[in-house]
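**Student:** Have a peek at my_file33.cif (mmCIF, C-alpha atoms).
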```cif
data_coords
loop_
_atom_site.label_atom_id
_atom_site.label_comp_id
_atom_site.auth_asym_id
_atom_site.auth_seq_id
_atom_site.Cartn_x
_atom_site.Cartn_y
_atom_site.Cartn_z
CA MET G 1187 0.00 0.00 0.00
CA ASN G 1188 2.78 2.34 0.98
CA ARG G 1189 4.59 1.73 -2.27
CA ILE G 1190 1.45 2.40 -4.27
CA CYS G 1191 0.96 5.68 -2.45
CA GLN G 1192 4.57 6.59 -3.06
CA SER G 1193 4.25 6.05 -6.76
CA LEU G 1194 0.95 7.94 -6.86
CA LEU G 1195 2.63 10.80 -5.07
CA ARG G 1196 5.44 10.90 -7.56
CA GLN G 1197 2.99 10.97 -10.48
CA SER G 1198 0.99 13.65 -8.84
CA TYR G 1199 4.03 15.83 -8.17
CA ALA G 1200 5.26 15.36 -11.69
CA GLY G 1201 1.98 16.64 -13.04
CA ALA G 1202 1.67 19.49 -10.58
CA ALA G 1203 5.31 20.59 -10.53
CA HIS G 1204 4.92 23.46 -12.93
CA HIS G 1205 2.42 25.30 -10.81
CA MET G 1206 2.91 23.96 -7.33
CA ARG G 1207 5.92 23.78 -5.04
CA PRO G 1208 6.16 20.29 -3.55
CA ALA G 1209 6.12 21.73 -0.05
CA ALA G 1210 2.79 23.46 -0.65
CA ALA G 1211 0.67 20.36 -0.33
CA SER G 1212 0.86 17.79 2.43
CA PRO G 1213 1.63 14.28 1.17
CA ALA G 1214 -1.65 13.00 2.60
CA ALA G 1215 -3.73 15.57 0.75
CA THR G 1216 -1.93 14.84 -2.49
CA ALA G 1217 -2.42 11.13 -2.06
CA LEU G 1218 -6.12 11.67 -1.52
CA LYS G 1219 -6.29 13.76 -4.63
CA SER G 1220 -4.61 11.02 -6.63
CA LEU G 1221 -6.96 8.41 -5.30
CA SER G 1222 -10.03 10.45 -6.09
CA ALA G 1223 -8.68 10.97 -9.59
CA LEU G 1224 -8.39 7.21 -9.91
CA ARG G 1225 -11.99 6.72 -8.95
CA PHE G 1226 -12.99 8.44 -12.13
CA TYR G 1227 -11.61 5.60 -14.22
CA SER G 1228 -13.24 2.80 -12.31
CA ALA G 1229 -16.83 1.87 -12.99
CA ASP G 1230 -17.94 3.23 -9.68
CA ALA G 1231 -21.68 2.99 -9.15
CA ALA G 1232 -21.45 5.39 -6.21
CA ALA G 1233 -20.12 8.21 -8.36
CA PRO G 1234 -22.69 10.89 -9.16
CA PRO G 1235 -24.32 10.13 -12.52
CA ALA G 1236 -23.09 13.27 -14.24
CA ALA G 1237 -22.72 12.85 -17.97
CA VAL G 1238 -19.24 12.49 -19.41
CA ASP G 1239 -18.43 15.85 -20.99
CA LYS G 1240 -17.90 16.71 -24.65
CA ALA G 1241 -14.14 17.22 -24.44
CA THR G 1242 -13.67 13.74 -23.01
CA LEU G 1243 -15.85 12.18 -25.69
CA ASP G 1244 -14.10 14.15 -28.42
CA LYS G 1245 -10.94 12.29 -27.40
CA LEU G 1246 -12.63 8.98 -26.73
CA VAL G 1247 -14.18 8.68 -30.20
CA ARG G 1248 -10.75 9.15 -31.77
CA THR G 1249 -8.79 6.55 -29.84
CA ASN G 1250 -9.17 4.24 -32.82
CA LYS G 1251 -10.40 4.49 -36.42
CA VAL G 1252 -13.54 2.70 -35.36
CA VAL G 1253 -14.95 3.21 -31.89
CA ILE G 1254 -18.23 1.82 -30.61
CA PHE G 1255 -20.34 2.33 -27.52
CA MET G 1256 -22.32 -0.75 -26.70
CA LYS G 1257 -24.06 -2.75 -24.01
CA GLY G 1258 -21.71 -5.42 -22.77
CA ASN G 1259 -18.44 -6.12 -24.54
CA PRO G 1260 -17.60 -7.69 -27.90
CA GLN G 1261 -17.03 -11.09 -26.27
CA GLN G 1262 -20.32 -10.85 -24.45
CA PRO G 1263 -22.81 -8.34 -25.87
CA ARG G 1264 -25.73 -7.67 -23.56
CA CYS G 1265 -28.22 -6.54 -26.18
CA GLY G 1266 -29.26 -7.82 -29.60
CA PHE G 1267 -28.51 -4.54 -31.32
CA SER G 1268 -25.05 -4.30 -29.82
CA ASN G 1269 -24.47 -7.90 -30.81
CA ALA G 1270 -25.46 -7.13 -34.41
CA VAL G 1271 -22.92 -4.30 -34.57
CA VAL G 1272 -20.20 -6.57 -33.21
CA GLN G 1273 -21.06 -9.28 -35.74
CA ILE G 1274 -21.01 -6.86 -38.66
CA LEU G 1275 -17.64 -5.42 -37.67
CA ARG G 1276 -16.31 -8.94 -37.19
CA MET G 1277 -17.43 -9.90 -40.70
CA HIS G 1278 -15.46 -6.99 -42.09
CA GLY G 1279 -12.48 -7.87 -39.92
CA VAL G 1280 -12.42 -4.44 -38.31
CA GLN G 1281 -10.27 -3.73 -35.26
CA TYR G 1282 -12.06 -1.28 -33.00
CA ASP G 1283 -12.36 0.10 -29.48
CA ALA G 1284 -15.50 -0.82 -27.62
CA HIS G 1285 -16.89 0.91 -24.55
CA ASP G 1286 -19.45 -0.79 -22.36
CA VAL G 1287 -22.02 1.80 -21.31
CA LEU G 1288 -23.56 -0.60 -18.80
CA GLN G 1289 -20.37 -0.22 -16.77
CA ASN G 1290 -20.68 3.53 -16.67
CA GLU G 1291 -23.97 5.40 -16.48
CA ALA G 1292 -22.23 8.76 -16.98
CA LEU G 1293 -20.78 7.50 -20.23
CA ARG G 1294 -24.13 6.11 -21.33
CA GLN G 1295 -25.80 9.49 -20.85
CA GLY G 1296 -22.76 11.40 -22.06
CA VAL G 1297 -22.57 9.70 -25.42
CA LYS G 1298 -26.32 10.10 -25.99
CA ASP G 1299 -26.01 13.83 -25.31
CA TYR G 1300 -22.88 14.04 -27.43
CA THR G 1301 -24.52 12.65 -30.55
CA ASP G 1302 -28.09 13.69 -29.79
CA TRP G 1303 -28.97 10.08 -30.48
CA PRO G 1304 -31.35 8.26 -28.15
CA THR G 1305 -30.08 4.70 -28.35
CA ILE G 1306 -27.09 2.43 -27.82
CA PRO G 1307 -25.11 1.06 -29.70
CA GLN G 1308 -23.41 3.98 -31.40
CA VAL G 1309 -20.68 3.64 -33.99
CA PHE G 1310 -17.95 6.15 -34.81
CA ILE G 1311 -15.62 6.01 -37.80
CA ASP G 1312 -12.69 8.41 -37.79
CA GLY G 1313 -14.28 10.33 -34.93
CA GLU G 1314 -17.51 10.85 -36.87
CA PHE G 1315 -20.78 9.48 -35.59
CA VAL G 1316 -22.09 7.03 -38.17
CA GLY G 1317 -25.26 5.78 -36.51
CA GLY G 1318 -26.68 2.89 -34.56
CA CYS G 1319 -27.41 -0.71 -35.42
CA ASP G 1320 -29.99 -0.04 -38.17
CA ILE G 1321 -27.70 2.32 -40.02
CA LEU G 1322 -24.65 0.09 -39.76
CA LEU G 1323 -26.72 -2.84 -40.97
CA GLN G 1324 -28.01 -0.88 -43.95
CA MET G 1325 -24.51 0.34 -44.76
CA HIS G 1326 -23.32 -3.23 -44.59
CA GLN G 1327 -26.08 -4.39 -46.94
CA SER G 1328 -25.61 -1.56 -49.42
CA GLY G 1329 -21.83 -1.86 -49.52
CA ASP G 1330 -21.38 1.65 -48.15
CA LEU G 1331 -19.61 0.30 -45.09
CA ILE G 1332 -16.80 -1.08 -47.22
CA GLU G 1333 -16.40 2.37 -48.79
CA GLU G 1334 -16.46 4.21 -45.46
CA LEU G 1335 -13.86 1.85 -44.04
CA LYS G 1336 -11.71 2.30 -47.13
CA LYS G 1337 -11.72 6.07 -46.58
CA VAL G 1338 -10.00 5.61 -43.23
CA GLY G 1339 -7.57 3.03 -44.54
CA ILE G 1340 -9.31 -0.15 -43.42
CA VAL G 1341 -9.67 -2.83 -46.05
CA SER G 1342 -12.72 -4.89 -45.26
CA GLU G 1343 -12.30 -8.64 -45.18
CA LEU G 1344 -15.39 -8.85 -47.35
CA LEU G 1345 -13.75 -6.66 -49.95
CA LYS G 1346 -10.64 -8.83 -49.91
CA ALA G 1347 -12.76 -11.91 -50.43
CA GLU G 1348 -14.63 -10.23 -53.24
CA GLU G 1349 -11.47 -9.09 -54.96
CA SER G 1350 -9.84 -12.48 -54.85
CA LYS G 1351 -12.99 -13.90 -56.38
CA LYS G 1352 -12.88 -11.24 -59.09
CA ALA G 1353 -9.24 -11.91 -59.80
CA ALA G 1354 -10.10 -15.54 -60.38
CA GLY G 1355 -12.94 -14.79 -62.76
CA SER G 1356 -13.47 -12.04 -65.30
CA LYS G 1357 -13.12 -8.47 -64.14
CA GLU G 1358 -16.53 -6.99 -63.74
CA GLU G 1359 -16.84 -3.47 -62.43
CA ALA G 1360 -20.11 -2.41 -60.85
CA LYS G 1361 -21.22 1.00 -62.12
CA MET R 1360 -44.52 -0.49 -18.79
CA SER R 1361 -44.79 1.46 -21.95
CA GLN R 1362 -48.16 2.72 -23.09
CA PHE R 1363 -47.47 2.75 -26.78
CA ASN R 1364 -48.83 0.50 -29.43
CA ALA R 1365 -48.06 0.28 -33.10
CA MET R 1366 -51.12 2.31 -34.09
CA THR R 1367 -50.18 5.36 -32.03
CA LEU R 1368 -46.70 5.31 -33.51
CA VAL R 1369 -48.03 5.00 -37.05
CA HIS R 1370 -50.32 7.92 -36.38
CA LYS R 1371 -47.55 10.08 -34.99
CA LEU R 1372 -45.21 9.29 -37.86
CA LYS R 1373 -47.88 10.05 -40.44
CA GLU R 1374 -48.57 13.35 -38.81
CA GLN R 1375 -44.97 14.41 -38.24
CA LEU R 1376 -43.31 13.17 -41.39
CA ASN R 1377 -46.18 13.29 -43.84
CA THR R 1378 -45.41 9.71 -44.75
CA GLN R 1379 -46.38 8.10 -47.99
CA TYR R 1380 -46.22 4.71 -46.40
CA VAL R 1381 -45.61 3.68 -42.83
CA ASN R 1382 -45.73 0.35 -41.12
CA VAL R 1383 -44.93 -0.36 -37.50
CA GLU R 1384 -44.64 -3.88 -36.18
CA ASP R 1385 -44.94 -4.48 -32.48
CA GLU R 1386 -42.35 -7.13 -31.78
CA SER R 1387 -42.80 -7.07 -28.04
CA ASP R 1388 -45.82 -9.39 -27.91
CA GLY R 1389 -47.87 -6.44 -26.78
CA CYS R 1390 -45.83 -5.00 -23.93
CA GLY R 1391 -45.03 -2.03 -26.14
CA ALA R 1392 -41.29 -1.90 -25.68
CA LYS R 1393 -40.02 -3.19 -28.98
CA PHE R 1394 -40.99 -1.96 -32.42
CA SER R 1395 -39.79 -2.22 -35.94
CA ALA R 1396 -40.83 0.49 -38.40
CA THR R 1397 -40.74 0.99 -42.13
CA ILE R 1398 -41.18 4.61 -43.11
CA VAL R 1399 -41.47 6.20 -46.55
CA SER R 1400 -41.57 9.96 -46.82
CA GLU R 1401 -40.84 12.77 -49.26
CA GLN R 1402 -39.05 14.47 -46.41
CA PHE R 1403 -36.22 11.94 -46.70
CA VAL R 1404 -35.29 13.02 -50.22
CA GLY R 1405 -31.71 14.26 -50.41
CA LYS R 1406 -30.96 13.26 -46.83
CA SER R 1407 -28.28 10.90 -45.62
CA LEU R 1408 -29.22 7.76 -43.76
CA LEU R 1409 -28.22 9.40 -40.51
CA GLU R 1410 -30.33 12.47 -41.23
CA LYS R 1411 -33.35 10.33 -42.11
CA HIS R 1412 -33.06 8.44 -38.86
CA ARG R 1413 -32.63 11.67 -36.95
CA LEU R 1414 -35.91 12.93 -38.42
CA VAL R 1415 -37.66 9.81 -37.20
CA ASN R 1416 -36.02 9.99 -33.79
CA LYS R 1417 -37.17 13.59 -33.52
CA ALA R 1418 -40.73 12.75 -34.52
CA LEU R 1419 -40.83 10.06 -31.84
CA ALA R 1420 -38.65 11.81 -29.26
CA GLU R 1421 -41.20 11.43 -26.46
CA GLU R 1422 -42.01 7.83 -27.26
CA LEU R 1423 -38.39 6.76 -27.63
CA LYS R 1424 -37.73 7.69 -24.03
CA GLU R 1425 -39.98 4.79 -23.07
CA ILE R 1426 -39.49 2.38 -25.91
CA HIS R 1427 -36.58 0.10 -25.24
CA ALA R 1428 -35.97 -1.15 -28.74
CA PHE R 1429 -36.87 0.65 -31.91
CA SER R 1430 -35.53 -0.37 -35.25
CA GLN R 1431 -36.29 1.58 -38.40
CA LYS R 1432 -35.99 1.43 -42.14
CA THR R 1433 -36.32 4.73 -43.91
CA TYR R 1434 -36.92 5.24 -47.61
CA THR R 1435 -37.66 8.02 -50.00
CA PRO R 1436 -40.63 7.22 -52.29
CA GLU R 1437 -38.15 6.50 -55.07
CA GLU R 1438 -36.08 4.10 -52.97
CA TRP R 1439 -39.26 2.47 -51.74
CA GLU R 1440 -40.33 1.63 -55.29
CA LYS R 1441 -37.22 -0.51 -55.62
CA VAL R 1442 -37.45 -2.39 -52.36
CA LYS R 1443 -41.24 -2.61 -52.04
CA PRO R 1444 -41.91 -5.90 -53.86
CA GLN R 1445 -39.88 -8.09 -51.57
CA GLU R 1446 -40.66 -6.18 -48.43
CA GLU R 1447 -44.31 -5.31 -48.63
CA PRO R 1448 -45.95 -6.59 -45.48
CA GLU R 1449 -49.54 -7.65 -45.31
CA GLU R 1450 -51.92 -4.81 -44.65
#
```
Could you render the structure as structure tokens?

**Tutor:**
Amino acid sequence: MNRICQSLLRQSYAGAAHHMRPAAASPAATALKSLSALRFYSADAAAPPAAVDKATLDKLVRTNKVVIFMKGNPQQPRCGFSNAVVQILRMHGVQYDAHDVLQNEALRQGVKDYTDWPTIPQVFIDGEFVGGCDILLQMHQSGDLIEELKKVGIVSELLKAEESKKAAGSKEEAK
Amino acid sequence: MSQFNAMTLVHKLKEQLNTQYVNVEDESDGCGAKFSATIVSEQFVGKSLLEKHRLVNKALAEELKEIHAFSQKTYTPEEWEKVKPQEEPEE
């Protein structure tokens, strides 16, 4: 415990050094501050259900080319719509970041406010909100998803399969 | 829990979006928490998929607070002509 506190203290001082002399804060107060900062990252049900703010989400939706907010996680979706999104992305072989809103009520509300979209799941490509399950499904069916992924440098597995098929047969370009 | 049925949603959509065709299926076995809608409206012309869905979400803003699961298909009249044959549900 002591060692953890020590390392927290060091981190805290490092961050605060430019505006605070080390002697200004008591070690105990600084440790408390560090611990309360840590609470933010845990899925703490006791935390007040304030929505996650826009600045945080601006960063969160750009941590990967594709970022989704869902119920449950990709290994264990907790809603049919979230599951559908996971399955579609899997079909296209997309690597993505997934956030489980059931673990964090503030995130659940925050992302709804952020996009002005009433439901979960929500899919972001290149930081842009794309839509929920219905939209992703329609984009998948229409082929638009392959195009959108291409724009951000992701080659869909379905496209690869299609191209290898084409290479085998005659080259036939659609429109 | 929810007080909505397919008819009230159809009515609201007709009124708000001036729909050419609208069909709402209650998939909740009557508890009113899960719906699937097909909506055709002139108002969707020239709009992206996301914008179309936003229009629907806006029209049903009150209802969607209560409805747990709402899935939608949105078409312009022109798009609807192409998909109608295989998708037309019984009246």

**Student:** Using only C-alpha atoms and a cutoff of 9 Å, can you tell me which residues are near (-36.4, -6.9, -34.8) in the file's coordinates, and write them out as a short mmCIF file (atom, residue, chain, number, x, y, z; two decimals) with C-alpha atoms, keeping the file's coordinate frame?

**Tutor:**
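Saved as point07.cif:
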```
data_model
loop_
_atom_site.label_atom_id
_atom_site.label_comp_id
_atom_site.auth_asym_id
_atom_site.auth_seq_id
_atom_site.Cartn_x
_atom_site.Cartn_y
_atom_site.Cartn_z
CA GLY G 1266 -29.26 -7.82 -29.60
CA PHE G 1267 -28.51 -4.54 -31.32
CA GLU R 1384 -44.64 -3.88 -36.18
CA GLU R 1386 -42.35 -7.13 -31.78
CA LYS R 1393 -40.02 -3.19 -28.98
CA PHE R 1394 -40.99 -1.96 -32.42
CA SER R 1395 -39.79 -2.22 -35.94
CA ALA R 1428 -35.97 -1.15 -28.74
CA PHE R 1429 -36.87 0.65 -31.91
CA SER R 1430 -35.53 -0.37 -35.25
#
```

**Student:** How would you write, as a list in words, the residues chosen by the PyMOL selection byres ((chain G and resi 1255) around 9) on this structure?

**Tutor:**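 For this structure, the PyMOL selection byres ((chain G and resi 1255) around 9) resolves to Val1253, Ile1254, Met1256, Lys1257, Ser1268, Asp1283, Ala1284, His1285, Asp1286, Val1287, Leu1293, Arg1294, Val1297, Ile1306, Pro1307, Gln1308, Val1309 and Phe1310 of chain G.
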
**Student:** Residues within 8 Å of (-15.4, -1.3, -45.5), file coordinates, counting all atoms listed in the file: what are they? Give the list as number ranges by chain.

**Tutor:** G: 1278, 1329-1336, 1340-1345

**Student:** So that I can check the surroundings of range 1432-1446 of chain R, please list as a PyMOL selection string every protein, DNA and RNA residue that reaches within 12 Å of it, counting all atoms listed in the file and ignoring chain neighbours fewer than 4 positions away.

**Tutor:** (chain G and resi 1319-1325) or (chain R and resi 1372+1376-1384+1394-1416+1450)

**Student:** Calculated over only C-alpha atoms, which of the candidates G:Ser1350, G:Gln1327, G:Thr1305, G:Asn1290 has the smallest distance to chain R?

**Tutor:** G:Thr1305

**Student:** When the PyMOL selection byres ((chain G and resi 1300) around 10) is applied to the file above, which residues end up in the set, as a list in words?

**Tutor:** Ala1237, Val1238, Asp1239, Lys1240, Ala1241, Leu1243, Asp1244, Leu1293, Gln1295, Gly1296, Val1297, Lys1298, Asp1299, Thr1301, Asp1302, Trp1303 and Phe1315 of chain G

**Student:** Between G:Ala1236, G:Gly1258, G:Val1272, G:Cys1265, which is the closest to chain R once you count only C-alpha atoms?

**Tutor:**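 Result for the nearest residue to chain R: G:Cys1265.
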
**Student:** Nearest residue to Glu1314 in chain G out of G:His1326, G:Gln1289, G:Ala1353, G:Val1338, using only C-alpha atoms?

**Tutor:**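 Distance minimum relative to Glu1314 in chain G lands on G:Val1338.
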
**Student:** Please indicate the distance in Å from CA of Glu1425 in chain R to CA of Ala1392 in chain R, rounded to one decimal place.

**Tutor:**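 These two atoms are separated by 7.3 Å.
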
**Student:** So, with only C-alpha atoms as the atoms that count, which of R:Phe1363, R:Lys1417, R:Glu1422, R:Gln1431 lies closest to Ser1387 in chain R?

**Tutor:**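 Going through R:Phe1363, R:Lys1417, R:Glu1422, R:Gln1431 one by one, the smallest distance to Ser1387 in chain R is for R:Phe1363.
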
**Student:** Tell me, in Å to one decimal, how far CA of Val1252 in chain G is from CA of Ser1328 in chain G.

**Tutor:** 19.0 Å

**Student:** Have a look at G:Gly1279, G:Gly1355, G:Gly1317, G:Gly1339 and name the one nearest to chain R; count all atoms listed in the file.

**Tutor:**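 The answer is G:Gly1317, which sits nearest to chain R.
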
**Student:** At what distance in Å, to one decimal, does CA of Gly1318 in chain G lie from CA of Ile1274 in chain G?

**Tutor:** 12.0 Å
